[in-house]
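Notes follow once the structure below has been shown.
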Amino acid sequence: MSEQRKKLLEVQDLQVTFGTHLHPFHAVKGVSFDIYEGETFGLVGESGSGKTTIGRAIIRINPVSGGQVLYRGERISGRISRELDRKVTRQIQMIFQDPMASLNERAKVDYIVSEGLYGRHIGEAERQEKVAKALADVGLLPEFASRFPHEFSGGQRQRIGIARSLIMDPDFIIADEPISALDVSIRAQVLNLMSQLQKERGLTYLFIAHDLSVVRFICDRIAVIHKGRLVELAESEELFAHPLHPYTRALLSAIPLPDPIAEKKKKLLVYDPSIHHYDQETPLWQEISPGHFLLASEREAAEWQREPSR
Amino acid sequence: MPSFRFKDHKTQQLSQSVGEVLSRNYSESEFFEFAPYDPTAGERGGYSNYSYWGSTLRSFAQNKVAMFFLILMVGILAFTVVEPMLPYAPEANTIYKGATNLAPCKEYWFGTNSIGQDLWSQIWSGVRTSLLIGLAVACVEAVLGVIMGVLWGYVRKLDFLFTEIYNIFDNVPQTLVVIIISYILRPGVSTMIFAMCLTSWLQTARLVRNQVLIIRDRDYNLASRCLGTATWRIMVKNLLPYLVSILTLRMALAIPAAIGNEVFITYIGLGVPLEIPTLGNLIKAGQTVMMESTLSYQLFFPVIILSIITISFYIVGNSFADAADPKNHVK
Amino acid sequence: METETILSVRDLDVKFTLRGQVLHAIRGISLDVHRGESLAIVGESGSGKSVFTKTFMGLLDSNGSVTAGEIRYNGQDLAGYTTDQQWRTIRGREIAMVMQDPMTSLNPLKTIGDQIEEAIVLHQGLKGAEAHAQVLKVLEEVGIDQPERRSKQYPHEFSGGMRQRVVIAIAVACRPKILICDEPTTALDVTIQAQILQLIKDLQKKYDLTTIYITHDLGVVANVADRIAVMYAGDIVEIGTCEEVFYDPKHPYTWALLSSLPQLGVKGEELYSIKGTPPNLFLEVKGDAFAPRNPHALKIDFVERPPYFEVSPTHKARTWLLDPRAPKVEPPEHIKHLREQGVNRHV
């Protein structure tokens, strides 16, 4: 399906290593995926799986130790020109997980939202106008501009965070668990807002999450990551209908159902990595069916496809 | 006691606007009709009237001991400035012939010293000089220390270089530096200030650096980097406001420390020349006659003034640092 | 099932003073907790759900206090307890608590084994080798492999899920009657979340515990709760059995909570969302606290606080919509048929 769709972001064999030479910690071990223009790409995994590291490597907070990241065909990882740096800073933005930690407590909302505009030689009147518009776009009242972040609830703070990235007029937004720290009742507000902004502005999202139920609702394609490696990637419906990797299946079975009867019948699957024998057979990142990728040895791939997926 | 309720008008406004929504007078017959729905009403609800500076000042004002010392401190500061302009004030170094070693009396409030100078004028002149030294050193220490510390902590590439420089200089005792400088240059107030400034900012810089290291990778700083905010702006807007509490404490301690240093260096004879009254010179002079109980006032008066200044700076600084810590903004 | 009340709360009021202002955190709650049941208290942050349960253990912050009402437990009124000495007879040994962040309840400088042993020595009266054997038994019980080796490790050597298991082990080792779990799984990964909930459920059966879950996520309690109390702005707005609340919710706030679950969302359509934020409890709440955010609000909601309307002997809700004079309002379409269609279409 993707021939005519343009690739916005290409992640090629990305590796991120922390620590010293003597005690390296490989957070991301050779991850590749493409994100197409206008889509929402989900990256799902547990804490410590490397999903946040990937997001931060793309936005260039974490240095890349291997592989590369291309944005609109241009390499943006490693050393890049000043001009490209400025362009990429404008076009790629990030929404953070914890709205309590990601806003500067000592600055007013007005400053926080327009922070990205400083250094761009924008007049005061225009700046204020843009702040008012950004606040309105995320459903906040204009009078909030003169207040400090601690006066707001979690959902409102997260929307301030979104307004701050919107003011840059980005094309691509990395949303790093944007709703995990929020009350369930508020999550819908933020998810709806993100979908609505995507429709209005043709944004592309990388949506990082640990909870499959959320990604399914918002994402077009989903990649599942475990211990720094992608284990499965497919379109959302396909992934939910035919999960192949046992880790994906475990994740799916763990989604809590808001239905007492169904929930009591549900069987919880637990993923046990010791079922793999990768010292004897090498796993391959392979396309099982069009658009559905899986990390498995040949034997495993055959076996998993035979099992009924649920 | 001032109440520092800057923000209360906002709460009141909110109370009124919410009150208006809630107290609409509906007649009983229409009770069970749908009410008009206003989506912005829900947004308004969660307002809390918290202001960082308001709470800091209020919390400080509630500390009665600290307020007492603040008033005392401001009083002393103001008086040292005003004192020489008072009509009766004699020049501090004026020698009254025949009036040596006079105990405190109506004419000489703090008595006179062994060569017949008025101790009252001498002490205030000394306080003036000592405070000048203290303030100057503290200011330089703050400015240099903060700039260096923030750079050191925030710019990763500078870390190694700065750490090495720090290690080298930190191993040279400060007193030694001051002694050598006073020896090389002409002893005097400015030499004193220069010598103390040379090394004192190192400690502040390290303190600031450690704090910056703690907060540099917090999400809100990462967010600023993602927005392409210039490094200097991150330092001024994101880092410094979080250091207010520890910096005020540090400053409040630096002033008495510098005064104490001056006293010590002058006391061992390497500081400010005798003809300039400083607390150090006065204490030194007082100490030589200390053994004679009738003259001990010559030591006590400067020591008491020194203690009052030191203690008030310490208590005010400490209380302000506490008040500036958001954790203490509950009450 | 005949019910015996283990804890009974009547007209409880809790107020905090913050910067000279009074925050009315709990506004007259009455609730009976039945012996052996598992009760879930669901609400947004700021709804007072944690504060409410903290009053059972005397754990309110120093600027807050119970200003009215009573908490009956074992013939005693806990609301009248003032000294730590009194509370010590309750905390841990009668009512124990599992917090959201396991790190805050573990001592980072002591081995896991020592921390569990402490609780066992104190509450079960065992000593020496006997106590040590019990530690290993407890660790095994909460699903920690190689208990001998693990008991010698420190909290930081454990993953988040494992730590939470240890905290549960300690809580249960005190043999409490009531176990309060305050967002026990919020900080954990989804897969671990389900396992921890299952563990608590198993332990409840084994030790005949009464459990109270506190959570903001209605989704996670469907499996574990017998009854659900929905809290909003310091008050219980709806209470009923698990099935009643999920399949036949009556309060518009419960509707909103249910409909905003992403599990129920339909792709490409807008998720239902609750507009705005919870009310500021520094201001006096008049009428129904949810009214300003409620698209189905009646005019009376702004004037008078609704009483409880009984739907069934086990199910009641505080909303004027249940008044016979009120217009009939249907719950949102997609939560109406939860029972028939199940949520299975999603997985």
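Chain labels follow the order of the structure tokens: the first chain is A, the next B, and so on; residue numbering restarts at 1 in every chain, and ligands are counted from 1 in their shown order.
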
Based on only C-alpha atoms, which of the residues in chain C come within 7 Å of chain A? I want them as a PyMOL selection string. chain C and resi 44-45+189-191+194+216-220+222-223+242-243+246+257+260-263+265-267+270-274+277+338+342-343+347

Could you write out the selected residues, including C-alpha atoms, as a PDB file, in the first residue's frame?
```pdb
ATOM      1  CA  GLU C  44      -9.831  11.234  39.337  1.00  0.00           C
ATOM      2  CA  SER C  45      -6.850  12.666  41.133  1.00  0.00           C
ATOM      3  CA  ASP C 189       3.911  -2.058  32.840  1.00  0.00           C
ATOM      4  CA  VAL C 190       0.665  -3.507  31.565  1.00  0.00           C
ATOM      5  CA  THR C 191       1.835  -7.097  31.614  1.00  0.00           C
ATOM      6  CA  ALA C 194      -2.292  -7.869  35.450  1.00  0.00           C
ATOM      7  CA  HIS C 216      -8.406   6.222  38.580  1.00  0.00           C
ATOM      8  CA  ASP C 217      -8.885   3.543  35.941  1.00  0.00           C
ATOM      9  CA  LEU C 218     -12.251   1.818  35.856  1.00  0.00           C
ATOM     10  CA  GLY C 219     -10.783  -0.510  33.257  1.00  0.00           C
ATOM     11  CA  VAL C 220      -8.480  -2.315  35.646  1.00  0.00           C
ATOM     12  CA  ALA C 222     -13.508  -5.120  36.329  1.00  0.00           C
ATOM     13  CA  ASN C 223     -11.695  -8.316  37.178  1.00  0.00           C
ATOM     14  CA  CYS C 242     -19.192  -4.458  39.836  1.00  0.00           C
ATOM     15  CA  GLU C 243     -21.751  -5.628  37.331  1.00  0.00           C
ATOM     16  CA  PHE C 246     -20.372  -1.527  34.480  1.00  0.00           C
ATOM     17  CA  LEU C 257     -15.554   7.584  33.104  1.00  0.00           C
ATOM     18  CA  SER C 260     -13.658   7.751  27.969  1.00  0.00           C
ATOM     19  CA  LEU C 261     -11.852   4.407  28.185  1.00  0.00           C
ATOM     20  CA  PRO C 262      -9.769   4.027  25.033  1.00  0.00           C
ATOM     21  CA  GLN C 263     -10.607   0.316  25.008  1.00  0.00           C
ATOM     22  CA  GLY C 265     -13.092   3.852  21.415  1.00  0.00           C
ATOM     23  CA  VAL C 266     -13.910   3.379  17.791  1.00  0.00           C
ATOM     24  CA  LYS C 267     -11.112   4.167  15.433  1.00  0.00           C
ATOM     25  CA  GLU C 270     -13.778  10.981  18.567  1.00  0.00           C
ATOM     26  CA  LEU C 271     -13.424   9.345  21.968  1.00  0.00           C
ATOM     27  CA  TYR C 272     -15.910  10.550  24.504  1.00  0.00           C
ATOM     28  CA  SER C 273     -14.129  12.906  26.842  1.00  0.00           C
ATOM     29  CA  ILE C 274     -14.981  14.776  29.997  1.00  0.00           C
ATOM     30  CA  THR C 277     -11.165  19.753  35.236  1.00  0.00           C
ATOM     31  CA  LEU C 338     -21.460  -3.520  27.219  1.00  0.00           C
ATOM     32  CA  GLY C 342     -18.793  -7.554  25.369  1.00  0.00           C
ATOM     33  CA  VAL C 343     -15.576  -5.818  24.682  1.00  0.00           C
ATOM     34  CA  VAL C 347      -9.036  -8.145  21.191  1.00  0.00           C
TER      35      VAL C 347
END
```

Near chain B, which residues of chain C fall within 7 Å when you count only C-alpha atoms, and what do they look like as a ChimeraX atom specification? /C:18-20,275-280,283,286,292-293,295-300,302-303,325-326

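Near chain B, within 8 Å and counting only C-alpha atoms, the residues of chain A are Ile59, Ile61, Arg86, Thr89, Arg90, Gln93, Met94, Phe96, Asp98, Ala101, Ser102, Leu103, Asn104, Arg106, Ala107, Glu115, Gly116, Tyr118, Gly119, Leu140, Leu141, Phe148, His150, Glu151, Phe152, Ser153, Ser165 and Met168 of chain A.
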
Report as an MDAnalysis selection string: the residues of stretch 81-297 of chain A with a DSSP assignment of strand (DSSP E or B), based on the backbone of this structure. chainID A and resid 92:95 172:176 204:209 221:226 229:235 284:289 292:296

Save the residues we just selected, C-alpha atoms, as an mmCIF file, in the first residue's frame?
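Dumped everything to out12.cif:
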```
data_model
loop_
_atom_site.group_PDB
_atom_site.id
_atom_site.type_symbol
_atom_site.label_atom_id
_atom_site.label_comp_id
_atom_site.auth_asym_id
_atom_site.auth_seq_id
_atom_site.Cartn_x
_atom_site.Cartn_y
_atom_site.Cartn_z
ATOM 1 C CA ILE A 92 10.269 17.881 14.735
ATOM 2 C CA GLN A 93 8.738 18.454 18.123
ATOM 3 C CA MET A 94 8.180 16.387 21.203
ATOM 4 C CA ILE A 95 5.421 15.912 23.770
ATOM 5 C CA PHE A 172 6.360 15.601 12.890
ATOM 6 C CA ILE A 173 5.654 15.152 16.592
ATOM 7 C CA ILE A 174 7.157 12.548 18.843
ATOM 8 C CA ALA A 175 4.689 11.875 21.635
ATOM 9 C CA ASP A 176 6.483 10.032 24.406
ATOM 10 C CA THR A 204 2.720 12.867 11.513
ATOM 11 C CA TYR A 205 3.090 11.250 14.937
ATOM 12 C CA LEU A 206 5.435 8.812 16.530
ATOM 13 C CA PHE A 207 3.336 7.676 19.463
ATOM 14 C CA ILE A 208 5.293 5.921 22.189
ATOM 15 C CA ALA A 209 3.291 3.938 24.734
ATOM 16 C CA ARG A 221 0.757 1.066 12.330
ATOM 17 C CA ILE A 222 2.282 -0.368 15.479
ATOM 18 C CA ALA A 223 5.770 -1.635 16.250
ATOM 19 C CA VAL A 224 6.353 -3.724 19.364
ATOM 20 C CA ILE A 225 9.732 -3.381 21.005
ATOM 21 C CA HIS A 226 11.311 -5.650 23.592
ATOM 22 C CA ARG A 229 14.800 -4.863 19.497
ATOM 23 C CA LEU A 230 11.647 -4.627 17.442
ATOM 24 C CA VAL A 231 9.848 -7.952 17.630
ATOM 25 C CA GLU A 232 6.808 -7.226 15.487
ATOM 26 C CA LEU A 233 5.472 -4.463 13.246
ATOM 27 C CA ALA A 234 2.142 -4.360 11.456
ATOM 28 C CA GLU A 235 -0.891 -2.250 10.750
ATOM 29 C CA LEU A 284 15.574 -12.598 11.297
ATOM 30 C CA TRP A 285 13.554 -9.428 10.824
ATOM 31 C CA GLN A 286 11.263 -10.735 8.106
ATOM 32 C CA GLU A 287 8.106 -9.688 6.299
ATOM 33 C CA ILE A 288 5.592 -12.449 6.996
ATOM 34 C CA SER A 289 2.778 -10.926 4.990
ATOM 35 C CA HIS A 292 3.632 -7.372 8.710
ATOM 36 C CA PHE A 293 7.160 -7.785 10.047
ATOM 37 C CA LEU A 294 8.309 -10.247 12.666
ATOM 38 C CA LEU A 295 11.540 -11.033 14.466
ATOM 39 C CA ALA A 296 11.829 -14.803 14.492
#
```

Would you kindly return, as a list in words, each protein, DNA or RNA residue with an atom no farther than 8 Å from any atom of A:Thr282, considering only C-alpha atoms and excluding same-chain residues fewer than 3 positions away? Tyr278, Asp279, Ala296 and Ser297 of chain A

I need the residues from that last selection saved to file as a compact mmCIF listing (two decimals), in the first residue's frame (with N, CA and C atoms), if you can.
```
# COMPACT_ATOMS: atom_id res chain seq x y z
N TYR A 278 18.12 -18.64 20.51
CA TYR A 278 18.81 -17.83 19.51
C TYR A 278 20.32 -18.09 19.48
N ASP A 279 20.82 -18.89 20.44
CA ASP A 279 22.23 -19.26 20.32
C ASP A 279 22.39 -20.30 19.23
N ALA A 296 11.94 -13.39 14.13
CA ALA A 296 11.83 -14.80 14.49
C ALA A 296 12.81 -15.62 13.69
N SER A 297 13.15 -16.76 14.22
CA SER A 297 13.92 -17.71 13.43
C SER A 297 12.92 -18.38 12.48
```

Any idea what the distance is between atom CA of B:Val208 and atom CA of B:Met148?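 Here the two named atoms are 8.5 Å from each other.
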
So that I can see what lies close to A:Gln15, please list as a short mmCIF file (atom, residue, chain, number, x, y, z; two decimals) with C-alpha atoms, in the first residue's frame the residues with an atom at most 12 Å from it, counting only C-alpha atoms and leaving out residues fewer than 5 positions away in the same chain.
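The resulting file, result36.cif, is reproduced below:
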```
data_model
loop_
_atom_site.label_atom_id
_atom_site.label_comp_id
_atom_site.auth_asym_id
_atom_site.auth_seq_id
_atom_site.Cartn_x
_atom_site.Cartn_y
_atom_site.Cartn_z
CA PHE A 25 24.66 -0.67 28.00
CA HIS A 26 22.98 -1.27 24.66
CA ALA A 27 19.63 0.45 24.98
CA VAL A 28 18.71 0.13 21.31
CA LYS A 29 20.15 -2.69 19.26
CA GLY A 30 19.72 -2.17 15.56
CA VAL A 31 16.18 -0.93 15.05
CA SER A 32 14.82 -0.06 11.58
CA GLY A 50 14.39 1.42 24.65
CA LYS A 51 11.28 3.05 23.21
CA THR A 53 15.55 6.25 23.83
CA ILE A 54 14.55 5.84 20.19
CA ALA A 57 17.61 9.73 19.48
CA ILE A 58 15.38 10.93 16.66
CA ASN A 62 20.45 11.08 22.85
CA PRO A 63 23.48 10.56 20.62
CA VAL A 64 23.32 7.74 18.12
CA SER A 65 26.10 5.18 18.33
CA GLY A 66 25.28 3.29 15.16
CA GLY A 67 22.96 3.45 12.16
CA GLN A 68 21.28 6.64 11.05
CA VAL A 69 18.06 8.60 10.99
CA SER A 77 21.70 12.00 13.13
CA GLY A 228 16.00 -2.81 22.49
CA ARG A 229 14.80 -4.86 19.50
#
```
